[in-house]
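File shown: upload22.tsv. Contents: TSV, C-alpha atoms.
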chain	number	residue	atom	x	y	z
A	168	MET	CA	213.89	-53.57	-21.07
A	169	ARG	CA	216.18	-50.74	-20.00
A	170	PHE	CA	219.74	-49.84	-20.95
A	171	THR	CA	222.15	-46.89	-20.73
A	172	VAL	CA	224.68	-45.83	-23.36
A	173	SER	CA	227.01	-42.91	-24.12
A	174	SER	CA	225.19	-40.17	-26.06
A	175	THR	CA	228.08	-39.30	-28.40
A	176	ALA	CA	228.89	-42.97	-29.12
A	177	LEU	CA	225.24	-43.68	-29.95
A	178	SER	CA	224.91	-40.56	-32.09
A	179	SER	CA	228.08	-41.26	-34.13
A	180	ARG	CA	227.11	-44.90	-34.77
A	181	LEU	CA	223.56	-43.98	-35.81
A	182	SER	CA	224.86	-41.23	-38.08
A	183	ALA	CA	227.13	-43.72	-39.89
A	184	LEU	CA	224.32	-46.28	-40.21
A	185	SER	CA	221.85	-43.70	-41.52
A	186	ARG	CA	223.80	-43.54	-44.80
A	187	VAL	CA	222.49	-47.04	-45.61
A	188	ILE	CA	218.83	-46.06	-45.34
A	189	ASN	CA	217.08	-44.79	-48.47
A	190	SER	CA	214.60	-41.92	-48.45
A	191	LYS	CA	212.03	-44.25	-50.06
A	192	ASN	CA	211.90	-47.92	-49.09
A	193	SER	CA	210.13	-50.96	-50.49
A	194	LEU	CA	209.31	-52.02	-46.91
A	195	PRO	CA	208.45	-49.46	-44.20
A	196	ILE	CA	210.62	-51.34	-41.67
A	197	LEU	CA	213.69	-50.48	-43.79
A	198	GLY	CA	213.34	-46.90	-42.57
A	199	ASP	CA	214.18	-48.14	-39.05
A	200	PHE	CA	217.28	-48.97	-37.06
A	201	LEU	CA	217.35	-52.46	-35.55
A	202	PHE	CA	218.42	-52.43	-31.88
A	203	GLU	CA	219.61	-55.69	-30.26
A	204	VAL	CA	220.88	-55.92	-26.69
A	205	ILE	CA	222.96	-59.09	-26.19
A	206	ASP	CA	225.20	-59.79	-23.18
A	207	GLY	CA	225.81	-56.16	-22.25
A	208	ARG	CA	226.43	-54.91	-25.82
A	209	LEU	CA	224.16	-52.95	-28.10
A	210	PHE	CA	224.12	-54.09	-31.73
A	211	LEU	CA	222.74	-51.57	-34.25
A	212	THR	CA	221.74	-52.50	-37.81
A	213	ALA	CA	220.48	-50.62	-40.88
A	214	SER	CA	219.51	-52.12	-44.24
A	215	ASP	CA	218.09	-51.20	-47.63
A	216	SER	CA	217.50	-54.90	-48.51
A	217	GLU	CA	220.66	-55.06	-50.67
A	218	VAL	CA	223.17	-53.50	-48.26
A	219	MET	CA	223.19	-54.23	-44.54
A	220	MET	CA	225.51	-52.47	-42.07
A	221	LYS	CA	225.91	-53.55	-38.46
A	222	THR	CA	227.92	-52.05	-35.62
A	223	SER	CA	228.07	-52.42	-31.85
A	224	LEU	CA	229.02	-50.54	-28.71
A	225	GLU	CA	229.43	-51.26	-25.01
A	226	LEU	CA	226.50	-50.47	-22.71
A	227	THR	CA	227.03	-48.68	-19.40
A	228	ASP	CA	224.11	-50.59	-17.90
A	229	CYS	CA	221.33	-52.95	-19.02
A	230	ASP	CA	218.79	-55.25	-17.39
A	231	VAL	CA	217.67	-57.85	-19.98
A	232	ASP	CA	218.44	-58.81	-23.56
A	233	GLY	CA	215.95	-57.84	-26.23
A	234	ARG	CA	215.42	-56.43	-29.70
A	235	PHE	CA	213.22	-53.81	-31.36
A	236	CYS	CA	213.13	-51.38	-34.30
A	237	VAL	CA	212.81	-47.60	-34.20
A	238	GLY	CA	212.45	-44.98	-36.96
A	239	ASN	CA	215.77	-43.53	-38.04
A	240	HIS	CA	214.92	-39.85	-38.57
A	241	ASP	CA	213.27	-38.97	-35.27
A	242	LEU	CA	215.83	-40.88	-33.20
A	243	LEU	CA	218.75	-39.25	-35.04
A	244	GLU	CA	217.27	-35.80	-34.53
A	245	GLY	CA	216.59	-36.57	-30.87
A	246	VAL	CA	220.12	-37.62	-29.93
A	247	LYS	CA	221.99	-35.27	-32.28
A	248	GLY	CA	223.66	-32.47	-30.40
A	249	VAL	CA	223.21	-34.00	-26.93
A	250	SER	CA	226.51	-33.35	-25.14
A	251	GLU	CA	228.54	-36.31	-23.84
A	252	GLN	CA	226.41	-37.90	-21.09
A	253	PRO	CA	224.53	-41.14	-20.40
A	254	ILE	CA	221.33	-41.72	-22.39
A	255	THR	CA	218.85	-44.22	-20.95
A	256	MET	CA	216.29	-46.03	-23.10
A	257	ASP	CA	213.25	-47.61	-21.43
A	258	VAL	CA	211.50	-49.86	-23.94
A	259	ASP	CA	208.01	-51.27	-23.36
A	260	LEU	CA	207.64	-54.01	-25.95
A	261	GLN	CA	203.99	-54.56	-24.98
A	262	ALA	CA	202.98	-50.93	-25.51
A	263	ASN	CA	205.53	-50.49	-28.36
A	264	ILE	CA	206.99	-47.32	-26.85
A	265	ALA	CA	210.60	-46.32	-26.12
A	266	LYS	CA	211.30	-43.49	-23.67
A	267	VAL	CA	214.69	-41.86	-24.13
A	268	SER	CA	215.92	-39.79	-21.18
A	269	TYR	CA	219.05	-37.71	-20.64
A	270	GLN	CA	220.25	-35.06	-18.21
A	271	ASN	CA	218.04	-32.18	-19.29
A	272	GLY	CA	215.08	-33.86	-20.93
A	273	MET	CA	213.40	-36.85	-22.53
A	274	PHE	CA	211.42	-37.89	-25.59
A	275	SER	CA	209.41	-40.97	-26.54
A	276	LEU	CA	209.13	-42.86	-29.81
A	277	PRO	CA	207.07	-45.75	-31.16
A	278	VAL	CA	208.95	-49.03	-31.65
A	279	GLU	CA	208.21	-51.92	-33.99
A	280	ASN	CA	208.58	-55.68	-33.93
A	281	ALA	CA	212.17	-56.64	-34.76
A	282	ASP	CA	211.04	-59.94	-36.32
A	283	GLU	CA	209.88	-57.97	-39.39
A	284	PHE	CA	213.38	-56.63	-40.05
A	285	PRO	CA	214.98	-58.49	-43.02
A	286	GLN	CA	217.85	-60.90	-42.39
A	287	ALA	CA	221.27	-60.40	-43.96
A	288	GLN	CA	222.18	-62.40	-47.05
A	289	GLN	CA	224.11	-65.56	-46.22
A	290	ILE	CA	227.55	-66.15	-47.73
A	291	GLY	CA	227.94	-69.58	-49.36
A	292	GLU	CA	230.12	-72.37	-47.98
A	293	GLY	CA	232.87	-72.05	-50.58
A	294	ALA	CA	233.46	-68.36	-49.97
A	295	THR	CA	236.78	-66.74	-50.88
A	296	VAL	CA	238.49	-64.83	-48.06
A	297	ILE	CA	240.72	-61.75	-48.45
A	298	THR	CA	242.48	-60.22	-45.43
A	299	ILE	CA	243.73	-56.70	-46.11
A	300	SER	CA	245.10	-53.87	-43.98
A	301	THR	CA	242.44	-51.32	-43.00
A	302	SER	CA	244.56	-48.39	-44.16
A	303	VAL	CA	245.42	-50.03	-47.51
A	304	LEU	CA	241.77	-50.83	-48.25
A	305	ALA	CA	240.72	-47.30	-47.26
A	306	GLU	CA	243.39	-45.75	-49.52
A	307	ASN	CA	242.41	-47.90	-52.49
A	308	VAL	CA	238.66	-47.41	-52.15
A	309	ASN	CA	239.14	-43.63	-51.76
A	310	ARG	CA	241.45	-43.58	-54.78
A	311	SER	CA	239.08	-45.58	-56.99
A	312	LEU	CA	235.55	-44.34	-56.26
A	313	PHE	CA	235.71	-41.25	-58.48
A	314	ALA	CA	236.42	-43.38	-61.57
A	315	THR	CA	233.30	-45.58	-61.28
A	316	ALA	CA	230.61	-45.06	-63.90
A	317	GLN	CA	226.89	-44.32	-63.77
A	318	ASP	CA	225.93	-46.50	-66.70
A	319	GLU	CA	222.50	-48.12	-66.87
A	320	LEU	CA	223.48	-50.20	-69.91
A	321	ARG	CA	226.70	-51.58	-68.37
A	322	PRO	CA	226.04	-51.96	-64.62
A	323	VAL	CA	229.37	-53.81	-64.14
A	324	MET	CA	231.14	-50.46	-64.65
A	325	ASN	CA	229.24	-48.90	-61.73
A	326	GLY	CA	231.32	-50.57	-59.02
A	327	ILE	CA	234.88	-51.27	-57.89
A	328	TYR	CA	236.36	-54.50	-59.26
A	329	PHE	CA	238.44	-56.67	-56.90
A	330	ASP	CA	240.55	-59.10	-58.95
A	331	LEU	CA	242.49	-61.66	-56.89
A	332	THR	CA	245.18	-63.41	-58.97
A	333	PRO	CA	248.37	-65.45	-58.35
A	334	ASP	CA	250.34	-62.18	-58.75
A	335	CYS	CA	248.42	-59.65	-56.66
A	336	LEU	CA	245.06	-58.21	-55.67
A	337	ALA	CA	244.05	-55.63	-58.27
A	338	ILE	CA	241.44	-53.03	-57.30
A	339	VAL	CA	240.05	-51.38	-60.43
A	340	ALA	CA	237.49	-48.75	-61.41
A	341	SER	CA	236.69	-47.27	-64.81
A	342	ASP	CA	233.96	-45.32	-66.58
A	343	GLY	CA	235.38	-45.96	-70.06
A	344	HIS	CA	237.15	-42.57	-70.23
A	345	LYS	CA	239.38	-42.84	-67.16
A	346	LEU	CA	240.66	-45.87	-65.27
A	347	VAL	CA	242.28	-46.50	-61.90
A	348	ARG	CA	244.24	-49.69	-61.29
A	349	ASN	CA	245.72	-50.38	-57.87
A	350	LYS	CA	247.83	-53.49	-57.31
A	351	VAL	CA	248.27	-54.72	-53.73
A	352	LEU	CA	251.37	-56.82	-54.26
A	353	ASN	CA	251.44	-58.70	-50.93
A	354	ILE	CA	247.96	-60.22	-51.38
A	355	ARG	CA	247.68	-63.03	-53.88
A	356	SER	CA	246.00	-66.40	-54.39
A	357	GLU	CA	246.75	-69.44	-56.51
A	358	GLN	CA	242.98	-69.76	-56.97
A	359	PRO	CA	241.83	-66.67	-58.94
A	360	ALA	CA	238.63	-65.03	-57.77
A	361	SER	CA	236.92	-61.68	-58.29
A	362	PHE	CA	233.89	-59.60	-57.39
A	363	ILE	CA	232.38	-56.18	-58.22
A	364	LEU	CA	231.56	-54.09	-55.15
A	365	PRO	CA	228.67	-51.65	-55.78
A	366	LYS	CA	229.25	-47.94	-55.28
A	367	LYS	CA	227.01	-47.62	-52.20
A	368	PRO	CA	228.83	-50.11	-49.94
A	369	ALA	CA	232.15	-48.78	-51.28
A	370	THR	CA	231.11	-45.26	-50.24
A	371	LEU	CA	230.07	-46.59	-46.83
A	372	LEU	CA	233.49	-48.20	-46.43
A	373	LYS	CA	235.13	-44.90	-47.33
A	374	SER	CA	233.25	-43.21	-44.49
A	375	VAL	CA	233.87	-45.85	-41.78
A	376	LEU	CA	237.43	-47.04	-42.44
A	377	GLY	CA	239.91	-44.90	-40.55
A	378	LYS	CA	243.67	-44.79	-40.68
A	379	GLN	CA	243.93	-47.03	-37.62
A	380	GLY	CA	245.77	-50.34	-37.78
A	381	GLY	CA	244.18	-53.75	-37.91
A	382	ASP	CA	242.81	-55.77	-40.79
A	383	VAL	CA	239.61	-56.00	-42.77
A	384	VAL	CA	238.37	-59.50	-43.65
A	385	ILE	CA	236.34	-59.79	-46.86
A	386	ARG	CA	234.36	-62.99	-47.53
A	387	PHE	CA	232.56	-63.29	-50.85
A	388	ASP	CA	230.83	-65.78	-53.11
A	389	ASP	CA	229.13	-65.36	-56.49
A	390	ARG	CA	226.34	-63.12	-55.19
A	391	ASN	CA	227.21	-61.53	-51.85
A	392	ALA	CA	230.12	-60.10	-49.88
A	393	GLU	CA	230.66	-59.74	-46.13
A	394	ILE	CA	233.18	-57.10	-45.04
A	395	ASN	CA	234.30	-57.27	-41.40
A	396	TYR	CA	236.14	-54.21	-40.07
A	397	GLU	CA	237.06	-53.07	-36.57
A	398	ASP	CA	233.78	-51.34	-35.69
A	399	GLY	CA	231.30	-53.48	-37.56
A	400	ILE	CA	230.27	-55.41	-40.62
A	401	ILE	CA	228.81	-54.63	-44.07
A	402	VAL	CA	226.96	-57.34	-46.01
A	403	CYS	CA	225.96	-56.50	-49.56
A	404	ARG	CA	224.73	-57.97	-52.81
A	405	LEU	CA	227.39	-57.83	-55.52
A	406	ILE	CA	227.05	-56.58	-59.10
A	407	GLU	CA	226.72	-59.64	-61.32
A	408	GLY	CA	228.40	-59.86	-64.71
A	409	ARG	CA	231.83	-60.00	-66.33
A	410	TYR	CA	234.10	-56.99	-65.82
A	411	PRO	CA	235.91	-55.85	-69.01
A	412	ASN	CA	239.55	-56.84	-69.51
A	413	TYR	CA	241.10	-53.72	-67.96
A	414	ASN	CA	244.68	-54.85	-68.68
A	415	SER	CA	244.03	-54.76	-72.44
A	416	VAL	CA	243.43	-50.99	-72.44
A	417	ILE	CA	246.56	-50.09	-70.44
A	418	PRO	CA	249.34	-49.23	-72.95
A	419	GLN	CA	252.58	-51.11	-72.40
A	420	SER	CA	254.84	-48.63	-74.18
A	421	ASN	CA	254.40	-44.91	-73.66
A	422	PRO	CA	257.96	-43.67	-74.31
A	423	ASN	CA	257.40	-39.92	-73.77
A	424	GLN	CA	257.67	-39.24	-70.05
A	425	LEU	CA	256.72	-36.01	-68.29
A	426	THR	CA	257.51	-35.45	-64.58
A	427	VAL	CA	255.79	-32.46	-63.00
A	428	ASP	CA	254.87	-31.02	-59.61
A	429	ARG	CA	251.43	-32.42	-58.78
A	430	VAL	CA	250.10	-29.51	-56.74
A	431	GLY	CA	251.44	-26.98	-59.26
A	432	LEU	CA	249.75	-28.76	-62.18
A	433	LEU	CA	246.53	-29.17	-60.20
A	434	SER	CA	246.44	-25.44	-59.39
A	435	ALA	CA	247.18	-24.48	-63.00
A	436	LEU	CA	244.40	-26.73	-64.32
A	437	ARG	CA	241.92	-25.24	-61.85
A	438	ARG	CA	242.79	-21.76	-63.09
A	439	VAL	CA	242.64	-22.64	-66.78
A	440	GLN	CA	239.61	-24.96	-66.78
A	441	PRO	CA	236.90	-22.26	-66.35
A	442	PHE	CA	237.93	-20.86	-69.74
A	443	SER	CA	237.38	-24.15	-71.59
A	444	ASN	CA	234.30	-25.03	-73.62
A	445	GLU	CA	231.53	-25.93	-71.19
A	446	SER	CA	230.40	-29.04	-73.07
A	447	SER	CA	233.79	-30.57	-73.92
A	448	ASN	CA	235.90	-29.21	-71.03
A	449	LEU	CA	238.92	-29.73	-73.32
A	450	ILE	CA	242.38	-28.65	-72.13
A	451	ARG	CA	245.27	-28.77	-74.60
A	452	PHE	CA	248.56	-29.98	-73.12
A	453	HIS	CA	251.63	-28.97	-75.14
A	454	VAL	CA	255.00	-30.16	-73.86
A	455	GLU	CA	258.39	-29.28	-75.32
A	456	ASN	CA	261.88	-28.36	-74.04
A	457	GLY	CA	261.04	-28.67	-70.35
A	458	ILE	CA	257.92	-26.48	-70.59
A	459	LEU	CA	254.32	-27.69	-70.18
A	460	GLN	CA	251.76	-25.30	-71.63
A	461	LEU	CA	248.05	-25.60	-70.84
A	462	ASP	CA	245.54	-23.97	-73.18
A	463	ALA	CA	241.78	-23.62	-72.83
A	464	GLU	CA	239.43	-21.84	-75.20
A	465	ASP	CA	235.73	-21.25	-75.62
A	466	TYR	CA	235.22	-19.35	-78.88
A	467	ASP	CA	231.45	-19.18	-78.35
A	468	PHE	CA	232.05	-16.77	-75.47
A	469	SER	CA	235.42	-15.34	-76.62
A	470	LYS	CA	237.29	-16.86	-73.67
A	471	THR	CA	240.85	-18.19	-73.72
A	472	ALA	CA	243.47	-19.01	-71.10
A	473	THR	CA	247.10	-20.13	-71.24
A	474	GLU	CA	249.46	-21.14	-68.47
A	475	ARG	CA	253.03	-22.43	-68.61
A	476	MET	CA	255.04	-24.33	-66.04
A	477	SER	CA	258.43	-26.00	-65.95
A	478	CYS	CA	258.68	-29.79	-66.01
A	479	ASP	CA	261.10	-32.60	-66.71
A	480	TYR	CA	260.30	-34.11	-70.11
A	481	ASN	CA	261.96	-36.90	-72.08
A	482	GLY	CA	260.31	-37.28	-75.45
A	483	MET	CA	259.28	-35.63	-78.68
A	484	PRO	CA	257.30	-32.34	-78.70
A	485	MET	CA	253.61	-33.15	-78.37
A	486	SER	CA	250.17	-31.60	-78.14
A	487	ILE	CA	247.43	-33.76	-76.62
A	488	GLY	CA	243.92	-32.98	-75.38
A	489	PHE	CA	242.45	-34.14	-72.06
A	490	LYS	CA	239.19	-33.43	-70.27
A	491	GLY	CA	240.13	-30.87	-67.63
A	492	SER	CA	237.71	-31.95	-64.89
A	493	SER	CA	238.80	-35.60	-65.17
A	494	PHE	CA	242.49	-34.70	-65.02
A	495	ILE	CA	241.80	-32.57	-61.93
A	496	GLU	CA	240.06	-35.55	-60.30
A	497	ILE	CA	243.00	-37.82	-61.08
A	498	LEU	CA	245.56	-35.42	-59.61
A	499	GLY	CA	243.36	-34.84	-56.57
A	500	ASN	CA	243.35	-38.57	-55.80
A	501	PHE	CA	247.13	-38.80	-55.51
A	502	ASP	CA	248.98	-37.60	-52.42
A	503	CYS	CA	252.53	-37.61	-53.83
A	504	SER	CA	254.61	-34.48	-54.51
A	505	GLU	CA	255.24	-35.23	-58.21
A	506	VAL	CA	253.41	-37.24	-60.86
A	507	ILE	CA	254.74	-38.95	-63.96
A	508	VAL	CA	252.66	-38.64	-67.14
A	509	GLN	CA	253.54	-41.22	-69.80
A	510	LEU	CA	252.43	-40.48	-73.38
A	511	ALA	CA	252.71	-42.26	-76.73
A	512	ASP	CA	250.93	-40.00	-79.25
A	513	PRO	CA	247.90	-37.65	-79.24
A	514	SER	CA	245.49	-40.46	-80.14
A	515	ARG	CA	246.49	-42.96	-77.43
A	516	ALA	CA	245.74	-43.10	-73.72
A	517	GLY	CA	248.02	-41.32	-71.28
A	518	LEU	CA	249.12	-42.87	-67.98
A	519	VAL	CA	249.50	-40.93	-64.74
A	520	LEU	CA	251.64	-42.50	-61.98
A	521	PRO	CA	252.92	-41.28	-58.62
A	522	SER	CA	256.63	-40.44	-58.56
A	523	GLU	CA	256.94	-42.82	-55.59
A	524	GLN	CA	254.68	-45.85	-55.28
A	525	PRO	CA	253.08	-46.68	-51.90
A	526	ALA	CA	254.69	-49.60	-50.05
A	527	ASP	CA	253.76	-53.00	-51.57
A	528	GLN	CA	251.50	-51.30	-54.12
A	529	ASP	CA	251.54	-50.34	-57.79
A	530	VAL	CA	249.15	-47.53	-58.67
A	531	LEU	CA	248.36	-46.10	-62.09
A	532	MET	CA	245.58	-44.02	-63.59
A	533	LEU	CA	244.68	-43.81	-67.25
A	534	MET	CA	243.09	-40.98	-69.25
A	535	MET	CA	241.69	-41.29	-72.75
A	536	PRO	CA	242.69	-38.29	-74.92
A	537	MET	CA	240.30	-35.90	-76.67
A	538	LEU	CA	240.58	-34.73	-80.29
A	539	ILE	CA	242.17	-31.30	-80.65
A	540	ASN	CA	242.15	-29.05	-83.72
A	541	ASP	CA	245.60	-27.64	-84.32
Any chance you could put this one into structure tokens?
Amino acid sequence: MRFTVSSTALSSRLSALSRVINSKNSLPILGDFLFEVIDGRLFLTASDSEVMMKTSLELTDCDVDGRFCVGNHDLLEGVKGVSEQPITMDVDLQANIAKVSYQNGMFSLPVENADEFPQAQQIGEGATVITISTSVLAENVNRSLFATAQDELRPVMNGIYFDLTPDCLAIVASDGHKLVRNKVLNIRSEQPASFILPKKPATLLKSVLGKQGGDVVIRFDDRNAEINYEDGIIVCRLIEGRYPNYNSVIPQSNPNQLTVDRVGLLSALRRVQPFSNESSNLIRFHVENGILQLDAEDYDFSKTATERMSCDYNGMPMSIGFKGSSFIEILGNFDCSEVIVQLADPSRAGLVLPSEQPADQDVLMLMMPMLIND
């Protein structure tokens, strides 16, 4: 079989798919890309047995349909850096050799039988379907990933929780110390359903979903999810188990409200944080009379830092401790000009909200406080 394809299109698709492939695989064939030529299109697939990603592109020319597997590393290295031009692949399925030729050269690679490549998990008949805007899903996945855990004892915390209710679709992530809850208000269902998307397919989605229009269709059952987006499809095994009741940890009454410039606070925290204790990373927030003061100290190395900035504050004077690196992550995952920090007392969780919510969404992030010694 012989076909011709754009070099840059092939290289970009293979580069995206390569993120699925592990450095060590239970089956040698999982280190390969699956190539399938069907009716003038090239379908490319990569899998690690739990996550499968498939994409396609138009062929400039082809003679017959066919399928084969080829090792990911050598092919990626071979096509990487080839300027925009046609690449032709001549595949001899009898000799198990593929010859790849382009304007200034060629290389050849062994190919393997495509029948050995594992099939994607099938979604059950009674699957739930969610249709969501590409840009909204991209925003919410990007906003949530940093808050997922790496917890061997509670694997349910290691993914992003999609909770479809009669009120909205909630997209949630938490590691027990910080929490992100996004509500997509224009997606709802009278029949509640939920699933936990593992971190790896969520990270893949982050890399492939652009800001372009269109919708993503998610089909899921108790064990697997199928995510169809403009350029391809991801099929993955879900994390099994019951996600904690995230609503129960979100305080309903935090009367002390601080409004502050997001970029200014982010810059101040980055300057102060290096002076905090390396193990605790504690930053003391003191707010009073329209002034927010940040204090960091590491007495073991005789280091201290203080920075003050103006803010709008309605509430009683308060000192509360937060982990500096986590607060920096939270601020870095907003794109608004100002944030609102809602506080109750130094022992209860603080809420961070954007000053203006995205259209048809309700976003909040939660930070557990740290004990400070006055």
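For the pair atom CA of Ile299 of chain A and atom CA of Leu331 of chain A, the interatomic distance is 11.9 Å.
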Hey, what's within 6 Å of Phe452 of chain A if we count all atoms listed in the file and toss same-chain stuff fewer than 4 positions away? As number ranges by chain, please?
-> A: 460-461, 486-488
Between atom CA of Leu304 of chain A and atom CA of Leu510 of chain A, what is the distance, to one decimal in Å?
-> 29.2 Å
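Comparing the minimum interatomic distances between Cys229 of chain A and each of A:Leu211, A:Gln252, A:Asp257, A:Glu217, counting all atoms listed in the file, we find that A:Asp257 sits nearest.
A straight line drawn from atom CA of Gly326 of chain A to atom CA of Arg390 of chain A is 14.0 Å long.
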Using only the atoms of segment 224-238 of chain A listed in the file, plus 4 Å on each side, state the axis-aligned box centre and edge lengths in Å rounded to one decimal, as AutoDock Vina command-line options.
--center_x 220.9 --center_y -51.9 --center_z -27.2 --size_x 25.0 --size_y 21.8 --size_z 27.6
Mind listing as a PyMOL selection string all residues within 6 Å of (240.7, -21.1, -70.8), counting only C-alpha atoms?
-> chain A and resi 439-443+463-464+471-472
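The residue that comes closest to Leu531 of chain A, out of A:Val375, A:Met256, A:Ile338, A:Val454 and on the basis of all atoms listed in the file, is A:Ile338.
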Might you pull out every residue within 10 Å of Asp512 of chain A, with all atoms listed in the file counted and same-chain residues fewer than 5 positions away left off, and present them as an MDAnalysis selection string?
-> chainID A and resid 421:423 483:487 517 536
Using all atoms listed in the file: which of A:His453, A:Phe329, A:Glu407, A:Ala314 has the shortest distance to Asn500 of chain A | A:Ala314
